[in-house]
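Chemist: One structure is given below, represented as structure tokens, and several questions about it will come after.
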Amino acid sequence: MNSTLDSQNQPRKVVEMRDIVKRFPGVLANDHVDFDLLEGEIHALLGENGAGKSTLMNILAGMYKPESGSIKVHGKPVTFTSPRDAITAGIGMIHQHFMLVPSQTVTENILLGLDEPRFIMDLKNYDQKIIELGEKFGLPVDPTAKIWQLSVGEQQRVEILKMLYRGADILIMDEPTAVLAPQEIDILFITLRNMVALGKSVIFISHKLHEVQKIADRLTVLRKGKITASGVDAKGKSRAELARLMVGREVIFNLDKKEAKPGKVVLKIENVHCLNDKNLKALNGVSFEVRSGEIVGLAGVAGNGQKELADVLTGLRLCSEGTIIVQGENIVNMDAKAGIRHGVSHVPEDRTHVGTAPNLSVTDNVIMKNYYKKPIARGWMLHSPSADKYANEMKEIYDIVVPSVETPVRLLSGGNLQRVILAREISSQPTFMVAMQPTRGLDVGAIEGVQKLLLLLRDAGAAILLISEELEELISLSDRILVIYEGEIMGEVTDGDIGKIGLMMTGTRQEQLESMGVQDAN
Amino acid sequence: MQTDSGKIPSNQGIFPFRIKFEERISDVPKWYTFAISFGAVVFALLIGAIILWLAGGNPWATYAHIGRSSFGSIGVFSDTLVKATPLILVGLACSVAFRMKLWNIGAEGQFFIGAFAASAVILIPILPETAPSWLFIVVTAAAGLIGGGLYGLIPGLLKARFNVNEVISTLMLNYIAIAWNNYFIFAVWTEAGFQMSKVFPQNSWLPRLTDLGSKIPAFRGLTTHFGLVLAIIAAVIVWLILYRSRWGYEIRLIGDNPKAATYAGIPIKKHIVWVMVLSGALAGLAGMSEITGVVHRFQGAISPGYGFTGIIVAWLAKLNPFAVIFVSILFGALILAGREIQPSGVPKMIQGVILVSLIASDFLVRYKVSISRQRAEA
């Protein structure tokens, strides 16, 4: 097939994936997905977190085995059983987390795992080869430098060189810009252009629309494991259209929602700045307030500072600048206890690693925020009958399905685990709650239950900040929606206009929208 | 078309059976865990028997001899308890620290410093020789606790303040403790140039069962001393701390998930310091109990590696304070048997095999194993 295409002087298909299905426990990560890559193109793979982009590419790179479906590379059917097979076929994947040995040099890292040099480490020769390879593709790097001395951008170059050195002509880049500073991104884009000009093909996984439009030739969009746009011209679609293909538009749940009665300001944050785990800017002067009795939604594509915002509000991350005032006291850069004293509760995004202690019992997990208070604490002792009684009450009220409160929570299903967390966080009668992705991964019934609990909490007078990537959920639950983009608040939407939210999510400010006179981007 | 991933036929080969491991998703009953551990010990003894048989010995006679020389009479059982006493305290010390995933492997050093501090009370002397026995017990025990505690404080502070790896710092401090003690043995409290102090005055000895021999003839010659009582009290207190106190709850929470602990507002660094102090204090008490209960003079070579055996004891007891008592008695028996039978390497080997099979048996608690016949065409 490739030869006929070749003779017609069309770009050859270097990768053809057909009808790929991949399941993980409880999730259909790829649902009959097709994907084509042409020679010499940069093909963007778009989608939200959990849409199945990385899964699809891990299949192509030999990390996962699909349940069904076929893959052809350069027209030949292939079955990969390991990444080594994929490399041999010319496919190299550059992961988000670099796989480099920090204490070794660039050359040593590139040669790692190869058959050459066999015995004598005549690295000088190889240094020269690597310099030449780098010059050819515009990837300047000092081969004798140790990895730990290099910037993140340079380390990424080493990863690319590693793949090129192994003869890869199809490069998969998994969110390569997520770790880079803006100038480094520009350099990376020049490099990518260079490489395709020399006949390489690149798959660029991303969820950042502006970058995709800047660099990609064609794009494919995944949503919840399914293709929503396949191989379309990257410049042929507006950002709003792409945003809709990514986040979709589903029936909005009809919730029995009363009119909000916002009261006094409970949370007021001003000009908050902070860094993320990679020491890059995550929040860049965020200011807003949340009143009692209202739910404020925070919309945004994942990785635009939402997690960091939740962390700084609950004392898990330090701010470099700014104030966080809860009930009149500035709690910025205090530990979590300071917030807990003021009635701040937190439904964390990561249920198993932050929200619960997996090997401890349901009882131990529900008392996490009030174990030091009466009646559970009696002096320095913990009164376990009181703790068990409290846990059993929580089990009844929040409908936690578990044989006994002694059961370790690692044995609970996702929905039940979330109920344990919500039971703990809601029963503390918070004045302010940060709820991050409270319904992610739950089934429909559980989602409704969680949403109702949040509305009840609102009606009881709590101030709630709801952070979610599910736009439908944000729109149906929130009384107003703030949109965050690269650590800055783009604007506020009160009428639930999904088009406006979509544009702000991709970096358009509210003022710009108004001056453009956008009514409805639908 | 969409097959369940679990049913995918994999590695069909010459082997006619297929063994599948699945992580258990439901809780196993308590008796099951117990039965598995018991089975593992039996399995280990069988392996030991095979090795003994291969070496030309009679395994059953050997086991019977081990049993007799550790449990055979009240006299040898008393000796077993003497060996178990320091193991209980050191095992508790490790259990407390390990519960928070603080890898204190410096119990040996803390044991030596505890022994030093208790000896100092007697040799400086802080208490006159004629002081009553109960006063000696209180003061030397306090000294042992404080000495070991301070010696645990050092790695605790280093870890909390500078994030120094406690495995390295506690390990290295062991050598310093031994050298420190040797200085005093050789230079300060040496008796007539020998590498040991004078014998402690009788009043400072921990009371032994044999001391009651004049009243209760059955106790005559039994060396089990008051340290065992201290060890059992310590086990109860450690259990209360871990399972019935706020502090223990915080320790368990940090141990299981430090991120969740931070999220609940618990200051982890403060706990690192205090847990290391408690762990060190318990090991120090073991040193005090050994020096005033068994050795009765300050000298070198007071421990055949109790501090390290304590690590194994804690691990086998799954960090449960009461289980520590029973595991310690088992290990005490094996140490004692080591002196009784030839070749003396045998009990050590059995210890090792028991440890390995108990640790490996944990796999059966966490995973379900099913063996099925490989279908011809799957």
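The chains in the structure tokens are called A, B, ... from first to last as shown; in each chain the residues are counted from 1, and the ligands are counted from 1 in the order shown.
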Identify all chain A residues at most 9 Å from chain B by counting only C-alpha atoms; ligands do not count. Present them as a PDB file with N, CA and C atoms, in the first residue's frame.
Modeler:
ATOM      1  N   VAL A  21      -7.896  -1.011  20.865  1.00  0.00           N
ATOM      2  CA  VAL A  21      -8.682  -1.044  22.100  1.00  0.00           C
ATOM      3  C   VAL A  21      -7.743  -1.352  23.247  1.00  0.00           C
ATOM      4  N   LYS A  22      -7.822  -0.547  24.296  1.00  0.00           N
ATOM      5  CA  LYS A  22      -7.017  -0.813  25.495  1.00  0.00           C
ATOM      6  C   LYS A  22      -7.862  -0.495  26.729  1.00  0.00           C
ATOM      7  N   ARG A  23      -7.923  -1.483  27.606  1.00  0.00           N
ATOM      8  CA  ARG A  23      -8.693  -1.336  28.833  1.00  0.00           C
ATOM      9  C   ARG A  23      -7.777  -1.295  30.021  1.00  0.00           C
ATOM     10  N   PHE A  24      -8.125  -0.457  30.989  1.00  0.00           N
ATOM     11  CA  PHE A  24      -7.527  -0.565  32.315  1.00  0.00           C
ATOM     12  C   PHE A  24      -8.652  -0.880  33.264  1.00  0.00           C
ATOM     13  N   PRO A  25      -8.336  -1.379  34.453  1.00  0.00           N
ATOM     14  CA  PRO A  25      -9.424  -1.709  35.375  1.00  0.00           C
ATOM     15  C   PRO A  25     -10.410  -0.541  35.501  1.00  0.00           C
ATOM     16  N   GLU A  67      -5.557  -4.595  23.562  1.00  0.00           N
ATOM     17  CA  GLU A  67      -6.383  -5.793  23.597  1.00  0.00           C
ATOM     18  C   GLU A  67      -6.705  -6.252  22.185  1.00  0.00           C
ATOM     19  N   SER A  68      -6.949  -5.277  21.327  1.00  0.00           N
ATOM     20  CA  SER A  68      -7.160  -5.649  19.935  1.00  0.00           C
ATOM     21  C   SER A  68      -6.715  -4.493  19.053  1.00  0.00           C
ATOM     22  N   THR A 314      -4.673  25.529  51.199  1.00  0.00           N
ATOM     23  CA  THR A 314      -4.824  24.598  52.320  1.00  0.00           C
ATOM     24  C   THR A 314      -3.503  24.374  53.048  1.00  0.00           C
ATOM     25  N   GLY A 315      -2.532  25.232  52.798  1.00  0.00           N
ATOM     26  CA  GLY A 315      -1.303  25.171  53.583  1.00  0.00           C
ATOM     27  C   GLY A 315      -0.340  24.079  53.172  1.00  0.00           C
ATOM     28  N   LEU A 316      -0.459  23.549  51.972  1.00  0.00           N
ATOM     29  CA  LEU A 316       0.443  22.485  51.544  1.00  0.00           C
ATOM     30  C   LEU A 316       1.556  23.002  50.645  1.00  0.00           C
ATOM     31  N   ASP A 335       1.059  26.242  58.258  1.00  0.00           N
ATOM     32  CA  ASP A 335       0.814  24.845  57.905  1.00  0.00           C
ATOM     33  C   ASP A 335      -0.686  24.568  57.817  1.00  0.00           C
ATOM     34  N   ALA A 336      -1.019  23.336  57.449  1.00  0.00           N
ATOM     35  CA  ALA A 336      -2.411  22.992  57.197  1.00  0.00           C
ATOM     36  C   ALA A 336      -3.279  23.226  58.424  1.00  0.00           C
ATOM     37  N   LYS A 337      -2.696  23.087  59.607  1.00  0.00           N
ATOM     38  CA  LYS A 337      -3.482  23.203  60.834  1.00  0.00           C
ATOM     39  C   LYS A 337      -4.092  24.605  60.984  1.00  0.00           C
ATOM     40  N   ALA A 338      -3.351  25.622  60.530  1.00  0.00           N
ATOM     41  CA  ALA A 338      -3.860  26.985  60.651  1.00  0.00           C
ATOM     42  C   ALA A 338      -5.181  27.099  59.907  1.00  0.00           C
ATOM     43  N   GLY A 339      -5.232  26.526  58.702  1.00  0.00           N
ATOM     44  CA  GLY A 339      -6.463  26.567  57.935  1.00  0.00           C
ATOM     45  C   GLY A 339      -7.554  25.738  58.586  1.00  0.00           C
ATOM     46  N   ILE A 340      -7.178  24.540  59.074  1.00  0.00           N
ATOM     47  CA  ILE A 340      -8.173  23.652  59.678  1.00  0.00           C
ATOM     48  C   ILE A 340      -8.839  24.355  60.862  1.00  0.00           C
ATOM     49  N   HIS A 346     -10.676  20.395  52.741  1.00  0.00           N
ATOM     50  CA  HIS A 346     -10.016  20.196  51.451  1.00  0.00           C
ATOM     51  C   HIS A 346     -10.340  18.797  50.939  1.00  0.00           C
ATOM     52  N   THR A 352      -5.798   8.800  46.976  1.00  0.00           N
ATOM     53  CA  THR A 352      -5.034   7.769  47.669  1.00  0.00           C
ATOM     54  C   THR A 352      -3.727   8.307  48.228  1.00  0.00           C
ATOM     55  N   HIS A 353      -3.121   9.282  47.565  1.00  0.00           N
ATOM     56  CA  HIS A 353      -1.806   9.702  48.031  1.00  0.00           C
ATOM     57  C   HIS A 353      -1.847  10.900  48.956  1.00  0.00           C
ATOM     58  N   VAL A 354      -2.917  11.675  48.922  1.00  0.00           N
ATOM     59  CA  VAL A 354      -2.989  12.830  49.804  1.00  0.00           C
ATOM     60  C   VAL A 354      -4.166  12.711  50.754  1.00  0.00           C
ATOM     61  N   GLY A 355      -5.295  12.253  50.243  1.00  0.00           N
ATOM     62  CA  GLY A 355      -6.531  12.319  51.014  1.00  0.00           C
ATOM     63  C   GLY A 355      -6.704  11.246  52.063  1.00  0.00           C
ATOM     64  N   THR A 356      -6.025  10.114  51.906  1.00  0.00           N
ATOM     65  CA  THR A 356      -6.239   9.029  52.856  1.00  0.00           C
ATOM     66  C   THR A 356      -4.930   8.315  53.151  1.00  0.00           C
ATOM     67  N   ALA A 357      -4.953   7.553  54.244  1.00  0.00           N
ATOM     68  CA  ALA A 357      -3.831   6.669  54.568  1.00  0.00           C
ATOM     69  C   ALA A 357      -4.308   5.264  54.251  1.00  0.00           C
ATOM     70  N   PRO A 358      -3.853   4.667  53.157  1.00  0.00           N
ATOM     71  CA  PRO A 358      -4.479   3.457  52.608  1.00  0.00           C
ATOM     72  C   PRO A 358      -4.509   2.254  53.533  1.00  0.00           C
ATOM     73  N   ASN A 359      -3.490   2.071  54.374  1.00  0.00           N
ATOM     74  CA  ASN A 359      -3.477   0.871  55.209  1.00  0.00           C
ATOM     75  C   ASN A 359      -4.173   1.062  56.554  1.00  0.00           C
ATOM     76  N   LEU A 360      -4.601   2.283  56.834  1.00  0.00           N
ATOM     77  CA  LEU A 360      -5.302   2.509  58.093  1.00  0.00           C
ATOM     78  C   LEU A 360      -6.800   2.290  57.869  1.00  0.00           C
ATOM     79  N   ASP A 364      -9.776   5.327  61.376  1.00  0.00           N
ATOM     80  CA  ASP A 364      -8.589   6.179  61.439  1.00  0.00           C
ATOM     81  C   ASP A 364      -8.612   7.250  60.349  1.00  0.00           C
ATOM     82  N   ASN A 365      -9.218   6.946  59.228  1.00  0.00           N
ATOM     83  CA  ASN A 365      -9.250   7.920  58.150  1.00  0.00           C
ATOM     84  C   ASN A 365     -10.313   8.998  58.335  1.00  0.00           C
ATOM     85  N   MET A 368      -9.295  11.918  60.878  1.00  0.00           N
ATOM     86  CA  MET A 368      -8.036  12.609  60.600  1.00  0.00           C
ATOM     87  C   MET A 368      -8.056  14.105  60.940  1.00  0.00           C
ATOM     88  N   LYS A 369      -9.221  14.735  60.858  1.00  0.00           N
ATOM     89  CA  LYS A 369      -9.256  16.180  61.102  1.00  0.00           C
ATOM     90  C   LYS A 369      -9.877  16.547  62.444  1.00  0.00           C
ATOM     91  N   TYR A 371      -9.379  14.262  65.375  1.00  0.00           N
ATOM     92  CA  TYR A 371      -8.923  13.322  66.393  1.00  0.00           C
ATOM     93  C   TYR A 371      -8.404  14.047  67.629  1.00  0.00           C
ATOM     94  N   TYR A 372      -8.034  15.297  67.488  1.00  0.00           N
ATOM     95  CA  TYR A 372      -7.465  16.022  68.630  1.00  0.00           C
ATOM     96  C   TYR A 372      -8.528  16.771  69.415  1.00  0.00           C
ATOM     97  N   ALA A 377     -10.643  12.728  71.418  1.00  0.00           N
ATOM     98  CA  ALA A 377      -9.445  12.867  72.242  1.00  0.00           C
ATOM     99  C   ALA A 377      -9.863  13.119  73.686  1.00  0.00           C
ATOM    100  N   ARG A 378      -9.203  12.396  74.586  1.00  0.00           N
ATOM    101  CA  ARG A 378      -9.392  12.691  76.007  1.00  0.00           C
ATOM    102  C   ARG A 378      -8.008  12.881  76.573  1.00  0.00           C
ATOM    103  N   GLY A 379      -7.591  14.127  76.709  1.00  0.00           N
ATOM    104  CA  GLY A 379      -6.214  14.392  77.107  1.00  0.00           C
ATOM    105  C   GLY A 379      -5.295  13.854  76.025  1.00  0.00           C
ATOM    106  N   TRP A 380      -4.288  13.089  76.457  1.00  0.00           N
ATOM    107  CA  TRP A 380      -3.367  12.566  75.446  1.00  0.00           C
ATOM    108  C   TRP A 380      -3.867  11.254  74.857  1.00  0.00           C
ATOM    109  N   MET A 381      -4.938  10.718  75.471  1.00  0.00           N
ATOM    110  CA  MET A 381      -5.456   9.443  74.969  1.00  0.00           C
ATOM    111  C   MET A 381      -6.460   9.669  73.843  1.00  0.00           C
ATOM    112  N   LEU A 382      -6.612   8.628  73.062  1.00  0.00           N
ATOM    113  CA  LEU A 382      -7.618   8.635  72.011  1.00  0.00           C
ATOM    114  C   LEU A 382      -8.699   7.672  72.472  1.00  0.00           C
ATOM    115  N   HIS A 383      -9.924   8.132  72.552  1.00  0.00           N
ATOM    116  CA  HIS A 383     -10.979   7.265  73.054  1.00  0.00           C
ATOM    117  C   HIS A 383     -11.554   6.476  71.890  1.00  0.00           C
ATOM    118  N   SER A 384     -11.128   5.203  71.765  1.00  0.00           N
ATOM    119  CA  SER A 384     -11.498   4.498  70.537  1.00  0.00           C
ATOM    120  C   SER A 384     -12.984   4.162  70.432  1.00  0.00           C
ATOM    121  N   THR A 407     -12.066  -1.904  58.435  1.00  0.00           N
ATOM    122  CA  THR A 407     -11.482  -2.267  57.148  1.00  0.00           C
ATOM    123  C   THR A 407     -10.501  -1.198  56.683  1.00  0.00           C
ATOM    124  N   PRO A 408      -9.318  -1.617  56.240  1.00  0.00           N
ATOM    125  CA  PRO A 408      -8.402  -0.609  55.689  1.00  0.00           C
ATOM    126  C   PRO A 408      -8.978   0.014  54.405  1.00  0.00           C
ATOM    127  N   ARG A 410      -7.719   0.983  51.729  1.00  0.00           N
ATOM    128  CA  ARG A 410      -7.209   0.636  50.406  1.00  0.00           C
ATOM    129  C   ARG A 410      -8.124  -0.375  49.726  1.00  0.00           C
ATOM    130  N   LEU A 411      -8.982  -1.050  50.502  1.00  0.00           N
ATOM    131  CA  LEU A 411      -9.874  -2.038  49.910  1.00  0.00           C
ATOM    132  C   LEU A 411     -11.166  -1.419  49.400  1.00  0.00           C
ATOM    133  N   LEU A 412     -11.335  -0.096  49.572  1.00  0.00           N
ATOM    134  CA  LEU A 412     -12.575   0.552  49.156  1.00  0.00           C
ATOM    135  C   LEU A 412     -12.544   0.921  47.683  1.00  0.00           C
TER     136      LEU A 412
END
Chemist: Any idea what's packed within 7 Å of region 50-62 of chain A, counting only C-alpha atoms, ignoring anything in its chain fewer than 5 positions away? Could you give it as a PyMOL selection string?
Modeler: chain A and resi 29-30+45+80-83+85-86+91-93+205+222-225
Chemist: Suppose we keep N, CA and C atoms; can you now write the selection as a short mmCIF file (atom, residue, chain, number, x, y, z; two decimals), in the first residue's frame?
Modeler:
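The resulting file, result.cif, is shown below:
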data_model
loop_
_atom_site.label_atom_id
_atom_site.label_comp_id
_atom_site.auth_asym_id
_atom_site.auth_seq_id
_atom_site.Cartn_x
_atom_site.Cartn_y
_atom_site.Cartn_z
N ALA A 29 -9.58 2.93 28.05
CA ALA A 29 -8.67 4.04 27.77
C ALA A 29 -8.63 4.37 26.28
N ASN A 30 -8.70 3.35 25.45
CA ASN A 30 -8.76 3.56 24.00
C ASN A 30 -9.90 2.72 23.46
N LEU A 45 -1.50 15.34 19.04
CA LEU A 45 -2.53 14.50 19.62
C LEU A 45 -3.08 15.28 20.81
N PHE A 80 4.63 -5.21 18.90
CA PHE A 80 5.73 -4.89 19.81
C PHE A 80 5.49 -5.58 21.14
N THR A 81 6.53 -6.18 21.68
CA THR A 81 6.39 -6.72 23.02
C THR A 81 7.20 -5.92 24.03
N SER A 82 8.05 -5.03 23.54
CA SER A 82 8.80 -4.19 24.47
C SER A 82 9.21 -2.91 23.76
N PRO A 83 9.60 -1.87 24.52
CA PRO A 83 10.04 -0.63 23.88
C PRO A 83 11.22 -0.87 22.93
N ASP A 85 11.62 -3.31 20.86
CA ASP A 85 11.07 -3.64 19.54
C ASP A 85 10.68 -2.37 18.79
N ALA A 86 10.05 -1.45 19.53
CA ALA A 86 9.59 -0.22 18.89
C ALA A 86 10.76 0.60 18.38
N ILE A 91 10.79 3.78 16.23
CA ILE A 91 9.88 4.62 17.01
C ILE A 91 10.51 4.91 18.37
N GLY A 92 10.68 6.18 18.68
CA GLY A 92 11.25 6.57 19.96
C GLY A 92 10.31 7.49 20.70
N MET A 93 10.09 7.20 21.98
CA MET A 93 9.19 8.06 22.75
C MET A 93 9.98 8.83 23.79
N ILE A 205 2.20 15.22 21.77
CA ILE A 205 1.04 15.08 22.66
C ILE A 205 0.90 16.35 23.48
N LEU A 222 -8.67 13.36 20.96
CA LEU A 222 -9.25 12.25 21.71
C LEU A 222 -10.10 12.81 22.84
N ARG A 223 -11.23 12.17 23.07
CA ARG A 223 -12.03 12.54 24.24
C ARG A 223 -12.58 11.26 24.85
N LYS A 224 -12.26 11.03 26.11
CA LYS A 224 -12.70 9.84 26.83
C LYS A 224 -12.45 8.58 26.03
N GLY A 225 -11.27 8.46 25.45
CA GLY A 225 -10.88 7.24 24.76
C GLY A 225 -11.35 7.13 23.33
#
Chemist: Could you find all residues in region 249-431 of chain A that DSSP calls strand (DSSP E) from the backbone, and write them as an NGL selection string?
Modeler: :A and (265-275 or 281-291 or 295-299 or 321-326 or 329-330 or 344-347 or 377-378 or 381-382)
Chemist: Among region 64-182 of chain B, which ones does DSSP assign to alpha helix (DSSP H) (computed from the backbone)? Answer as a VMD selection string.
Modeler: chain B and resid 64 to 71 74 to 99 107 to 123 133 to 162 166 to 182
Chemist: Using only C-alpha atoms, which protein or nucleic acid residues come within 8 Å of Ile354 (chain B)? Drop anything in the same chain fewer than 4 positions from it, and give the result as a ChimeraX atom specification.
Modeler: /B:40-41,44-45,350,358
Chemist: Interatomic distance between CA of Gly114 (chain B) and CA of Lys269 (chain B)?
Modeler: 24.7 Å
Chemist: Go through B:Val164, B:Gly284, B:Val96, B:Gly72 one by one, measure the shortest atom-to-atom distance of each to Gly149 (chain B) using only C-alpha atoms, and give the residue with the smallest value.
Modeler: B:Gly284
Chemist: Need the shell around region 128-133 of chain B: protein/DNA/RNA residues with any atom at most 9 Å away, counting only C-alpha atoms. Skip same-chain ones fewer than 4 positions apart. Format as a list in words?
Modeler: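 Answer for this query is Ile122, Ile137, Val138, Phe200, Pro201, Gln202, Asn203, Ser204, Trp205, Leu206 and Pro207 of chain B.
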Chemist: Produce a file of the selected residues containing N, CA and C atoms, as a PDB file, in the first residue's frame.
Modeler:
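Output (again-v7.pdb):
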ATOM      1  N   ILE B 122      26.251   4.189  88.987  1.00  0.00           N
ATOM      2  CA  ILE B 122      26.828   3.338  90.022  1.00  0.00           C
ATOM      3  C   ILE B 122      28.309   3.627  90.237  1.00  0.00           C
ATOM      4  N   ILE B 137      17.062   1.027  91.187  1.00  0.00           N
ATOM      5  CA  ILE B 137      16.297   0.665  89.981  1.00  0.00           C
ATOM      6  C   ILE B 137      15.773   1.920  89.301  1.00  0.00           C
ATOM      7  N   VAL B 138      15.159   2.801  90.097  1.00  0.00           N
ATOM      8  CA  VAL B 138      14.548   4.002  89.511  1.00  0.00           C
ATOM      9  C   VAL B 138      15.620   4.863  88.842  1.00  0.00           C
ATOM     10  N   PHE B 200      29.564  -4.305  90.326  1.00  0.00           N
ATOM     11  CA  PHE B 200      28.644  -3.358  90.955  1.00  0.00           C
ATOM     12  C   PHE B 200      28.264  -3.860  92.340  1.00  0.00           C
ATOM     13  N   PRO B 201      27.994  -2.927  93.263  1.00  0.00           N
ATOM     14  CA  PRO B 201      27.524  -3.362  94.587  1.00  0.00           C
ATOM     15  C   PRO B 201      26.172  -4.085  94.468  1.00  0.00           C
ATOM     16  N   GLN B 202      25.974  -5.060  95.315  1.00  0.00           N
ATOM     17  CA  GLN B 202      24.777  -5.897  95.249  1.00  0.00           C
ATOM     18  C   GLN B 202      23.483  -5.093  95.226  1.00  0.00           C
ATOM     19  N   ASN B 203      23.436  -4.002  95.953  1.00  0.00           N
ATOM     20  CA  ASN B 203      22.210  -3.197  96.019  1.00  0.00           C
ATOM     21  C   ASN B 203      21.773  -2.678  94.660  1.00  0.00           C
ATOM     22  N   SER B 204      22.756  -2.521  93.758  1.00  0.00           N
ATOM     23  CA  SER B 204      22.422  -1.922  92.464  1.00  0.00           C
ATOM     24  C   SER B 204      21.996  -2.976  91.454  1.00  0.00           C
ATOM     25  N   TRP B 205      22.093  -4.257  91.811  1.00  0.00           N
ATOM     26  CA  TRP B 205      21.686  -5.298  90.878  1.00  0.00           C
ATOM     27  C   TRP B 205      20.173  -5.336  90.768  1.00  0.00           C
ATOM     28  N   LEU B 206      19.682  -5.617  89.583  1.00  0.00           N
ATOM     29  CA  LEU B 206      18.242  -5.821  89.459  1.00  0.00           C
ATOM     30  C   LEU B 206      17.898  -7.109  90.191  1.00  0.00           C
ATOM     31  N   PRO B 207      16.809  -7.131  90.987  1.00  0.00           N
ATOM     32  CA  PRO B 207      16.445  -8.337  91.723  1.00  0.00           C
ATOM     33  C   PRO B 207      16.217  -9.510  90.778  1.00  0.00           C
TER      34      PRO B 207
END
Chemist: Interatomic distance between CA of Val82 (chain B) and CA of Ile176 (chain B)?
Modeler: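 We find that CA of Val82 (chain B) and CA of Ile176 (chain B) lie 26.8 Å from each other.
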Chemist: Tell me, as a short mmCIF file (atom, residue, chain, number, x, y, z; two decimals) with C-alpha atoms, in the first residue's frame, which residues lie within 7 Å of Ala117 (chain B), counting only C-alpha atoms; anything in the same chain fewer than 2 positions away does not count.
Modeler:
data_model
loop_
_atom_site.label_atom_id
_atom_site.label_comp_id
_atom_site.auth_asym_id
_atom_site.auth_seq_id
_atom_site.Cartn_x
_atom_site.Cartn_y
_atom_site.Cartn_z
CA ILE B 113 24.90 4.26 75.75
CA GLY B 114 22.02 3.16 77.97
CA ALA B 115 24.33 0.64 79.60
CA SER B 119 26.84 2.23 84.95
CA ALA B 120 27.77 5.86 85.44
CA VAL B 121 25.14 6.16 88.16
CA ALA B 143 19.68 7.06 83.34
CA GLY B 144 19.34 4.29 80.73
CA GLY B 147 21.14 8.10 77.77
#
Chemist: Residues within 9 Å of region 260-275 of chain A, please, as an NGL selection string. Count only C-alpha atoms; anything in the same chain fewer than 6 positions from it doesn't count.
Modeler: :A and (281-295 or 308-309 or 312-313 or 317-328 or 431-432 or 458-459 or 461-463 or 479 or 487)
Chemist: A:Ala391, A:Ala178, A:Ile187, A:Leu111: which is nearest Pro140 (chain A), counting only C-alpha atoms?
Modeler: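 Checking each of A:Ala391, A:Ala178, A:Ile187, A:Leu111 against Pro140 (chain A), counting only C-alpha atoms, the winner is A:Ile187.
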